[in-house]
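Content type compact mmCIF, C-alpha atoms, from the file entry_32.txt:
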```txt
# COMPACT_ATOMS: atom_id res chain seq x y z
CA MET A 17 103.39 67.18 115.20
CA GLN A 18 103.64 70.49 116.98
CA VAL A 19 102.46 71.06 120.51
CA GLY A 20 100.30 74.06 121.30
CA ARG A 21 99.72 75.74 124.63
CA LEU A 22 101.31 74.80 127.93
CA ASN A 23 98.02 73.71 129.46
CA HIS A 24 99.38 73.30 132.97
CA VAL A 25 102.31 72.50 135.21
CA GLY A 26 101.62 69.44 137.35
CA VAL A 27 102.70 69.82 140.96
CA ALA A 28 102.49 67.01 143.52
CA VAL A 29 101.71 68.07 147.08
CA PRO A 30 101.04 66.23 150.33
CA ASP A 31 98.00 68.40 151.18
CA ILE A 32 96.04 69.99 148.36
CA GLU A 33 94.02 72.41 150.52
CA ALA A 34 97.18 73.68 152.24
CA ALA A 35 98.76 74.17 148.81
CA LYS A 36 95.76 76.18 147.59
CA GLN A 37 96.10 78.38 150.67
CA THR A 38 99.79 78.88 149.97
CA TYR A 39 99.22 80.00 146.38
CA ALA A 40 96.38 82.27 147.49
CA ASN A 41 98.06 83.81 150.55
CA LEU A 42 101.61 84.15 149.29
CA TYR A 43 101.10 84.82 145.57
CA GLY A 44 97.54 86.14 145.37
CA ALA A 45 96.57 83.25 143.08
CA THR A 46 93.13 83.00 144.62
CA GLU A 47 91.26 81.55 141.66
CA ALA A 48 91.24 77.78 142.05
CA THR A 49 88.82 75.02 141.17
CA GLU A 50 87.09 72.81 143.69
CA THR A 51 89.17 69.79 144.68
CA ARG A 52 87.92 66.62 143.02
CA ASP A 53 88.72 62.98 143.72
CA PHE A 54 89.60 60.71 140.82
CA PRO A 55 89.79 57.29 142.50
CA HIS A 56 90.39 55.47 139.20
CA LEU A 57 93.40 57.72 138.56
CA GLY A 58 94.65 57.55 142.17
CA VAL A 59 94.70 61.32 142.68
CA ARG A 60 92.84 64.27 144.12
CA VAL A 61 93.11 67.27 141.80
CA ALA A 62 92.57 71.03 141.85
CA PHE A 63 93.71 73.69 139.41
CA VAL A 64 95.12 77.07 140.40
CA LYS A 65 94.47 79.54 137.59
CA LEU A 66 97.17 81.93 136.42
CA ALA A 67 96.83 84.68 133.81
CA ASN A 68 98.00 82.45 130.96
CA SER A 69 98.16 78.88 132.30
CA GLU A 70 97.34 76.71 135.30
CA ILE A 71 99.00 74.79 138.08
CA GLU A 72 97.55 71.31 138.56
CA LEU A 73 97.79 70.32 142.21
CA LEU A 74 97.94 66.55 142.68
CA GLU A 75 97.52 64.77 146.01
CA PRO A 76 97.81 60.98 146.17
CA LEU A 77 94.68 58.93 146.75
CA GLY A 78 95.92 55.64 148.19
CA ALA A 79 99.29 53.88 148.21
CA THR A 80 99.03 52.86 144.53
CA SER A 81 98.69 56.49 143.45
CA PRO A 82 101.03 57.47 140.62
CA VAL A 83 102.25 60.39 142.75
CA HIS A 84 102.81 58.34 145.93
CA LYS A 85 106.44 57.45 145.16
CA PHE A 86 107.14 60.96 143.94
CA LEU A 87 106.08 62.35 147.30
CA GLU A 88 108.18 59.77 149.14
CA ARG A 89 111.18 61.23 147.32
CA ASN A 90 109.90 64.84 147.65
CA PRO A 91 107.94 64.93 150.91
CA LYS A 92 107.18 68.66 150.74
CA GLY A 93 106.01 68.37 147.14
CA GLY A 94 107.53 69.30 143.82
CA GLN A 95 107.10 69.84 140.10
CA HIS A 96 105.79 66.59 138.63
CA HIS A 97 105.01 67.06 134.92
CA LEU A 98 104.33 69.52 132.10
CA CYS A 99 101.20 69.26 129.97
CA PHE A 100 101.10 70.46 126.36
CA GLU A 101 97.94 70.64 124.26
CA VAL A 102 97.86 68.84 120.92
CA PRO A 103 95.22 69.11 118.19
CA ASP A 104 94.77 65.32 117.80
CA ILE A 105 95.73 62.98 120.64
CA ILE A 106 95.71 59.81 118.50
CA ALA A 107 97.93 61.40 115.85
CA ALA A 108 100.21 62.67 118.63
CA ARG A 109 100.43 59.21 120.21
CA ASP A 110 101.29 57.61 116.87
CA ASP A 111 103.85 60.33 116.17
CA MET A 112 105.51 59.79 119.56
CA ARG A 113 105.81 56.06 118.89
CA ALA A 114 107.07 56.60 115.34
CA LYS A 115 109.84 58.78 116.80
CA GLY A 116 110.77 56.05 119.28
CA ALA A 117 109.40 57.72 122.40
CA THR A 118 107.80 55.61 125.13
CA VAL A 119 104.11 56.24 125.73
CA LEU A 120 103.30 55.16 129.29
CA GLY A 121 100.74 52.50 130.16
CA THR A 122 98.87 50.80 127.34
CA GLY A 123 99.34 53.82 125.11
CA GLU A 124 95.58 54.20 124.78
CA PRO A 125 94.61 57.80 125.58
CA TYR A 126 92.39 58.03 128.65
CA VAL A 127 90.24 60.83 129.99
CA GLY A 128 92.12 62.87 132.59
CA ALA A 129 91.08 65.49 135.11
CA HIS A 130 90.24 68.01 132.36
CA GLY A 131 87.70 65.69 130.76
CA VAL A 132 89.74 65.24 127.57
CA PRO A 133 91.97 62.32 126.54
CA VAL A 134 95.62 62.40 127.53
CA ILE A 135 98.79 60.34 127.25
CA PHE A 136 102.10 60.53 129.13
CA ILE A 137 105.59 60.31 127.62
CA HIS A 138 108.39 58.68 129.64
CA PRO A 139 110.82 61.16 131.26
CA LYS A 140 113.81 59.47 129.61
CA ASP A 141 112.63 60.79 126.24
CA SER A 142 112.44 64.44 127.35
CA CYS A 143 115.54 65.30 129.38
CA GLY A 144 114.13 63.88 132.60
CA LEU A 145 110.71 65.54 132.32
CA LEU A 146 107.44 63.66 132.47
CA ILE A 147 105.35 65.13 129.64
CA GLU A 148 101.57 64.90 129.37
CA LEU A 149 99.95 65.47 126.00
CA MET A 150 96.31 66.52 126.11
CA GLN A 151 93.71 66.78 123.40
CA GLU A 152 92.99 70.52 123.10
CA PRO A 153 89.96 71.26 125.27
CA ALA A 154 87.06 73.18 123.68
CA ARG A 155 87.19 76.89 124.57
CA MET B 15 100.38 91.19 145.83
CA GLN B 16 99.07 89.14 142.96
CA VAL B 17 101.28 87.38 140.47
CA GLY B 18 100.58 87.72 136.77
CA ARG B 19 101.64 85.46 133.93
CA LEU B 20 103.60 82.25 134.27
CA ASN B 21 106.61 83.67 132.45
CA HIS B 22 108.43 80.35 132.17
CA VAL B 23 109.12 76.92 133.60
CA GLY B 24 112.79 76.50 134.47
CA VAL B 25 114.24 73.15 133.44
CA ALA B 26 117.80 72.07 134.27
CA VAL B 27 119.51 69.91 131.66
CA PRO B 28 122.99 68.45 131.27
CA ASP B 29 123.25 69.53 127.60
CA ILE B 30 121.29 72.53 126.41
CA GLU B 31 121.75 71.94 122.67
CA ALA B 32 120.61 68.32 123.01
CA ALA B 33 117.56 69.54 124.95
CA LYS B 34 116.68 72.06 122.24
CA GLN B 35 116.88 69.24 119.69
CA THR B 36 114.59 67.09 121.82
CA TYR B 37 111.90 69.77 122.10
CA ALA B 38 112.16 70.51 118.39
CA ASN B 39 112.25 66.92 117.11
CA LEU B 40 109.80 65.29 119.50
CA TYR B 41 107.33 68.10 120.20
CA GLY B 42 107.77 70.44 117.21
CA ALA B 43 108.78 73.27 119.56
CA THR B 44 111.31 74.61 117.08
CA GLU B 45 111.30 78.25 118.14
CA ALA B 46 114.14 78.73 120.61
CA THR B 47 116.51 81.55 121.43
CA GLU B 48 120.26 81.40 120.96
CA THR B 49 122.06 79.88 123.92
CA ARG B 50 123.77 82.52 126.04
CA ASP B 51 126.36 82.19 128.78
CA PHE B 52 125.82 84.07 132.03
CA PRO B 53 129.10 83.43 133.88
CA HIS B 54 128.13 85.69 136.80
CA LEU B 55 124.95 83.61 137.28
CA GLY B 56 126.73 80.26 136.72
CA VAL B 57 124.41 79.12 133.92
CA ARG B 58 124.01 78.83 130.19
CA VAL B 59 120.44 79.67 129.16
CA ALA B 60 118.11 79.28 126.19
CA PHE B 61 114.34 79.68 125.97
CA VAL B 62 112.03 77.35 124.06
CA LYS B 63 108.92 79.28 123.06
CA LEU B 64 105.47 77.78 123.47
CA ALA B 65 102.17 79.28 122.37
CA ASN B 66 101.51 80.92 125.75
CA SER B 67 104.68 80.56 127.81
CA GLU B 68 108.31 79.46 127.64
CA ILE B 69 110.62 76.74 128.89
CA GLU B 70 113.89 78.09 130.26
CA LEU B 71 116.66 75.56 129.67
CA LEU B 72 119.48 75.87 132.20
CA GLU B 73 122.87 74.17 131.90
CA PRO B 74 125.45 74.63 134.65
CA LEU B 75 128.50 76.77 133.98
CA GLY B 76 131.11 75.58 136.46
CA ALA B 77 130.97 73.61 139.70
CA THR B 78 129.57 76.53 141.70
CA SER B 79 126.56 76.80 139.38
CA PRO B 80 123.21 76.99 141.21
CA VAL B 81 121.98 74.07 139.07
CA HIS B 82 125.08 71.87 139.58
CA LYS B 83 123.74 70.08 142.68
CA PHE B 84 120.30 69.77 141.13
CA LEU B 85 121.79 67.86 138.19
CA GLU B 86 123.80 65.64 140.53
CA ARG B 87 120.48 64.57 142.03
CA ASN B 88 118.71 64.52 138.61
CA PRO B 89 121.41 63.57 136.08
CA LYS B 90 119.04 63.47 133.09
CA GLY B 91 117.58 66.85 134.00
CA GLY B 92 114.31 67.93 135.55
CA GLN B 93 111.93 70.75 136.40
CA HIS B 94 113.84 73.30 138.47
CA HIS B 95 111.58 76.32 139.14
CA LEU B 96 108.48 78.29 138.11
CA CYS B 97 108.67 81.98 137.26
CA PHE B 98 105.74 84.34 137.78
CA GLU B 99 105.66 87.94 136.59
CA VAL B 100 104.94 90.69 139.11
CA PRO B 101 104.22 94.36 138.42
CA ASP B 102 106.76 95.69 140.95
CA ILE B 103 109.68 93.50 142.06
CA ILE B 104 110.57 95.62 145.10
CA ALA B 105 106.99 95.63 146.34
CA ALA B 106 106.85 91.86 145.72
CA ARG B 107 110.08 91.29 147.66
CA ASP B 108 108.82 93.35 150.59
CA ASP B 109 105.48 91.55 150.50
CA MET B 110 107.19 88.13 150.54
CA ARG B 111 109.23 89.15 153.59
CA ALA B 112 106.23 90.64 155.35
CA LYS B 113 104.47 87.30 154.93
CA GLY B 114 107.43 85.45 156.43
CA ALA B 115 108.72 83.90 153.21
CA THR B 116 112.46 83.49 152.66
CA VAL B 117 113.90 85.49 149.77
CA LEU B 118 117.10 83.76 148.63
CA GLY B 119 120.51 85.46 148.62
CA THR B 120 120.78 89.04 149.80
CA GLY B 121 117.16 89.68 148.84
CA GLU B 122 118.25 92.43 146.47
CA PRO B 123 116.65 91.84 143.06
CA TYR B 124 119.26 91.16 140.37
CA VAL B 125 119.00 91.17 136.59
CA GLY B 126 118.38 87.65 135.27
CA ALA B 127 118.51 86.10 131.82
CA HIS B 128 115.47 88.10 130.66
CA GLY B 129 117.15 91.43 131.39
CA VAL B 130 114.73 92.34 134.16
CA PRO B 131 115.20 92.10 137.94
CA VAL B 132 114.24 88.87 139.69
CA ILE B 133 114.17 87.29 143.13
CA PHE B 134 113.81 83.66 144.22
CA ILE B 135 111.62 82.35 147.05
CA HIS B 136 112.79 79.33 149.06
CA PRO B 137 111.06 76.05 148.16
CA LYS B 138 110.00 75.47 151.78
CA ASP B 139 107.58 78.37 151.47
CA SER B 140 105.80 77.01 148.37
CA CYS B 141 105.14 73.29 148.81
CA GLY B 142 108.63 72.28 147.70
CA LEU B 143 108.73 74.51 144.61
CA LEU B 144 111.46 77.03 143.93
CA ILE B 145 109.61 80.16 142.76
CA GLU B 146 111.17 82.99 140.77
CA LEU B 147 109.43 86.35 140.72
CA MET B 148 110.27 88.58 137.77
CA GLN B 149 109.55 92.21 137.10
CA GLU B 150 107.10 92.19 134.17
CA PRO B 151 109.13 92.62 130.99
CA ALA B 152 108.07 95.37 128.55
CA ARG B 153 106.04 93.94 125.65
```

Kindly return the structure encoded in the file as structure tokens.
Amino acid sequence: MQVGRLNHVGVAVPDIEAAKQTYANLYGATEATETRDFPHLGVRVAFVKLANSEIELLEPLGATSPVHKFLERNPKGGQHHLCFEVPDIIAARDDMRAKGATVLGTGEPYVGAHGVPVIFIHPKDSCGLLIELMQEPAR
Amino acid sequence: MQVGRLNHVGVAVPDIEAAKQTYANLYGATEATETRDFPHLGVRVAFVKLANSEIELLEPLGATSPVHKFLERNPKGGQHHLCFEVPDIIAARDDMRAKGATVLGTGEPYVGAHGVPVIFIHPKDSCGLLIELMQEPAR
């Protein structure tokens, strides 16, 4: 299994609209998607587009949000995960398990904010980094 | 001022060779540079190449290393900074200051591991993220 593109860098923030303004005003990264709520995932999400990749802004929706604890530890926000594209998410999941890595949750890929199935690999397997693997979106 | 490509994601790790092995074995990211020591910057550095960007692996060199404290807080490693390319590093530095952002150190761009001048912007200005701005390398 070989990962492809770095689809995005996941960044947790306390206020997604303020973060969009920061990237636009300070760095001229003005191209961003609308903010969308994903109640079943516990997050609000927007993407800031860069020339070759994206920043995924994540704001917690509710106290059970997967980014709630992260923001308690990093109140101003911080880098949360990296997302690599893979050609086949099921093959990638099986490959991760065969290599002894821990796939989070049930291990069943689920549809994330990009509309394609994703899995997450435990940070202990990747030098402290939470890694998302995403089925390559159609382009 | 508008940033260009996401040149790399900076990741601090306790053991750079072990991290290279992890990215190669688990994710098939086998293309990495030789590890180089930068004693004047306090880091050892290697780059893992992805299809559209790079991961910069940083291991501290000495107790005064800029990543030493980061690894005390994150012993397994973790995401350390994002690096955006800019067309003119002096213009970018002046623009950051004009907008009230804090340029770290003296504010004079210095040559980083890529051989081009860089500056760093304080995390408080960018939703908790340490941002490196890098003069666009020749391609």

Exercise. List the neighbours of segment 126-131 of chain B out to 8 Å using all atoms listed in the file; skip same-chain residues closer than 6 positions along the sequence, and give me the result as JSON, numbers by chain.
Key: {"B": [52, 55, 59, 103, 148, 149, 150, 151]}

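For Ile137 of chain A, the non-local neighbours within 9 Å, defined as residues at least 3 positions apart in the same chain or in other chains and counting all atoms listed in the file, are A:Met112, A:Ala117, A:Thr118, A:Val119, A:Leu120, A:Lys140, A:Asp141, A:Ser142, A:Leu145, A:Leu146, A:Ile147, A:Glu148, A:Leu149.
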
Exercise. Return the neighbours of chain B among the residues of chain A, cut-off 6 Å, counting only C-alpha atoms, as number ranges by chain.
Key: A: 17-21, 43-44, 67-68, 92-94, 143-145

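Residues in contact range of Ala62 of chain A, defined as at most 7 Å between all atoms listed in the file, with sequence neighbours fewer than 2 positions away removed, read Ala48, Thr49, Glu50, Thr51, Arg52, Val64, Glu72 and Leu73 of chain A.
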
Practice problem: Find the distance between atom CA of Thr78 of chain B and atom CA of His54 of chain B and write it in Å to one decimal. | Solution: 10.5 Å

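Reported to one decimal place, the separation of atom CA of Phe61 of chain B from atom CA of Arg87 of chain B is 22.9 Å.
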
Exercise. Kindly provide, as a list in words, the polymer residues lying within 10 Å of (122.9, 72.6, 140.6), counting only C-alpha atoms and using the coordinates exactly as they appear in the file.
Key: Ala26, Val27, Gly56, Val57, Leu72, Glu73, Pro74, Leu75, Gly76, Ala77, Thr78, Ser79, Pro80, Val81, His82, Lys83, Phe84, Leu85, Glu86, Arg87, Asn88 and His94 of chain B

Any chance you could model N, CA and C atoms for segment 80-114 of chain A and send them as a short mmCIF file (atom, residue, chain, number, x, y, z; two decimals), in the coordinates of the input?
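Writing the result to part18.cif gives the following:
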```
data_model
loop_
_atom_site.label_atom_id
_atom_site.label_comp_id
_atom_site.auth_asym_id
_atom_site.auth_seq_id
_atom_site.Cartn_x
_atom_site.Cartn_y
_atom_site.Cartn_z
N THR A 80 98.70 53.21 145.92
CA THR A 80 99.03 52.86 144.53
C THR A 80 98.95 54.09 143.63
N SER A 81 98.77 55.25 144.23
CA SER A 81 98.69 56.49 143.45
C SER A 81 99.97 56.70 142.64
N PRO A 82 99.83 57.19 141.41
CA PRO A 82 101.03 57.47 140.62
C PRO A 82 101.92 58.57 141.20
N VAL A 83 101.40 59.37 142.14
CA VAL A 83 102.25 60.39 142.75
C VAL A 83 102.75 60.00 144.15
N HIS A 84 102.40 58.78 144.60
CA HIS A 84 102.81 58.34 145.93
C HIS A 84 104.32 58.26 146.06
N LYS A 85 104.98 57.59 145.10
CA LYS A 85 106.44 57.45 145.16
C LYS A 85 107.14 58.79 145.00
N PHE A 86 106.56 59.62 144.14
CA PHE A 86 107.14 60.96 143.94
C PHE A 86 107.18 61.71 145.26
N LEU A 87 106.11 61.63 146.03
CA LEU A 87 106.08 62.35 147.30
C LEU A 87 106.97 61.69 148.36
N GLU A 88 107.20 60.39 148.23
CA GLU A 88 108.18 59.77 149.14
C GLU A 88 109.56 60.38 148.91
N ARG A 89 109.87 60.64 147.64
CA ARG A 89 111.18 61.23 147.32
C ARG A 89 111.20 62.74 147.57
N ASN A 90 110.01 63.37 147.48
CA ASN A 90 109.90 64.84 147.65
C ASN A 90 108.77 65.12 148.63
N PRO A 91 109.03 64.90 149.93
CA PRO A 91 107.94 64.93 150.91
C PRO A 91 107.19 66.26 150.98
N LYS A 92 107.87 67.37 150.68
CA LYS A 92 107.18 68.66 150.74
C LYS A 92 106.39 68.95 149.48
N GLY A 93 106.64 68.14 148.44
CA GLY A 93 106.01 68.37 147.14
C GLY A 93 107.04 68.79 146.11
N GLY A 94 106.60 68.89 144.87
CA GLY A 94 107.53 69.30 143.82
C GLY A 94 106.88 69.27 142.46
N GLN A 95 107.60 69.82 141.47
CA GLN A 95 107.10 69.84 140.10
C GLN A 95 107.11 68.41 139.55
N HIS A 96 105.99 67.98 139.01
CA HIS A 96 105.79 66.59 138.63
C HIS A 96 105.76 66.36 137.12
N HIS A 97 105.07 67.23 136.38
CA HIS A 97 105.01 67.06 134.92
C HIS A 97 104.63 68.38 134.25
N LEU A 98 104.83 68.42 132.93
CA LEU A 98 104.33 69.52 132.10
C LEU A 98 103.30 68.95 131.14
N CYS A 99 102.24 69.72 130.89
CA CYS A 99 101.20 69.26 129.97
C CYS A 99 101.05 70.22 128.80
N PHE A 100 101.28 69.69 127.59
CA PHE A 100 101.10 70.46 126.36
C PHE A 100 99.80 70.02 125.68
N GLU A 101 99.13 70.98 125.06
CA GLU A 101 97.94 70.64 124.26
C GLU A 101 98.37 70.22 122.85
N VAL A 102 97.64 69.26 122.31
CA VAL A 102 97.86 68.84 120.92
C VAL A 102 96.50 68.81 120.21
N PRO A 103 96.50 69.06 118.90
CA PRO A 103 95.22 69.11 118.19
C PRO A 103 94.54 67.75 118.06
N ASP A 104 95.33 66.66 118.03
CA ASP A 104 94.77 65.32 117.80
C ASP A 104 95.57 64.33 118.63
N ILE A 105 94.97 63.81 119.69
CA ILE A 105 95.73 62.98 120.64
C ILE A 105 96.15 61.65 120.02
N ILE A 106 95.34 61.09 119.13
CA ILE A 106 95.71 59.81 118.50
C ILE A 106 96.90 60.03 117.55
N ALA A 107 96.82 61.09 116.75
CA ALA A 107 97.93 61.40 115.85
C ALA A 107 99.20 61.68 116.66
N ALA A 108 99.05 62.36 117.79
CA ALA A 108 100.21 62.67 118.63
C ALA A 108 100.81 61.38 119.19
N ARG A 109 99.96 60.49 119.66
CA ARG A 109 100.43 59.21 120.21
C ARG A 109 101.21 58.43 119.14
N ASP A 110 100.64 58.36 117.94
CA ASP A 110 101.29 57.61 116.87
C ASP A 110 102.62 58.27 116.49
N ASP A 111 102.63 59.60 116.50
CA ASP A 111 103.85 60.33 116.17
C ASP A 111 104.93 60.08 117.21
N MET A 112 104.55 60.06 118.49
CA MET A 112 105.51 59.79 119.56
C MET A 112 106.15 58.42 119.36
N ARG A 113 105.29 57.42 119.08
CA ARG A 113 105.81 56.06 118.89
C ARG A 113 106.70 55.97 117.66
N ALA A 114 106.27 56.65 116.57
CA ALA A 114 107.07 56.60 115.34
C ALA A 114 108.46 57.19 115.57
#
```
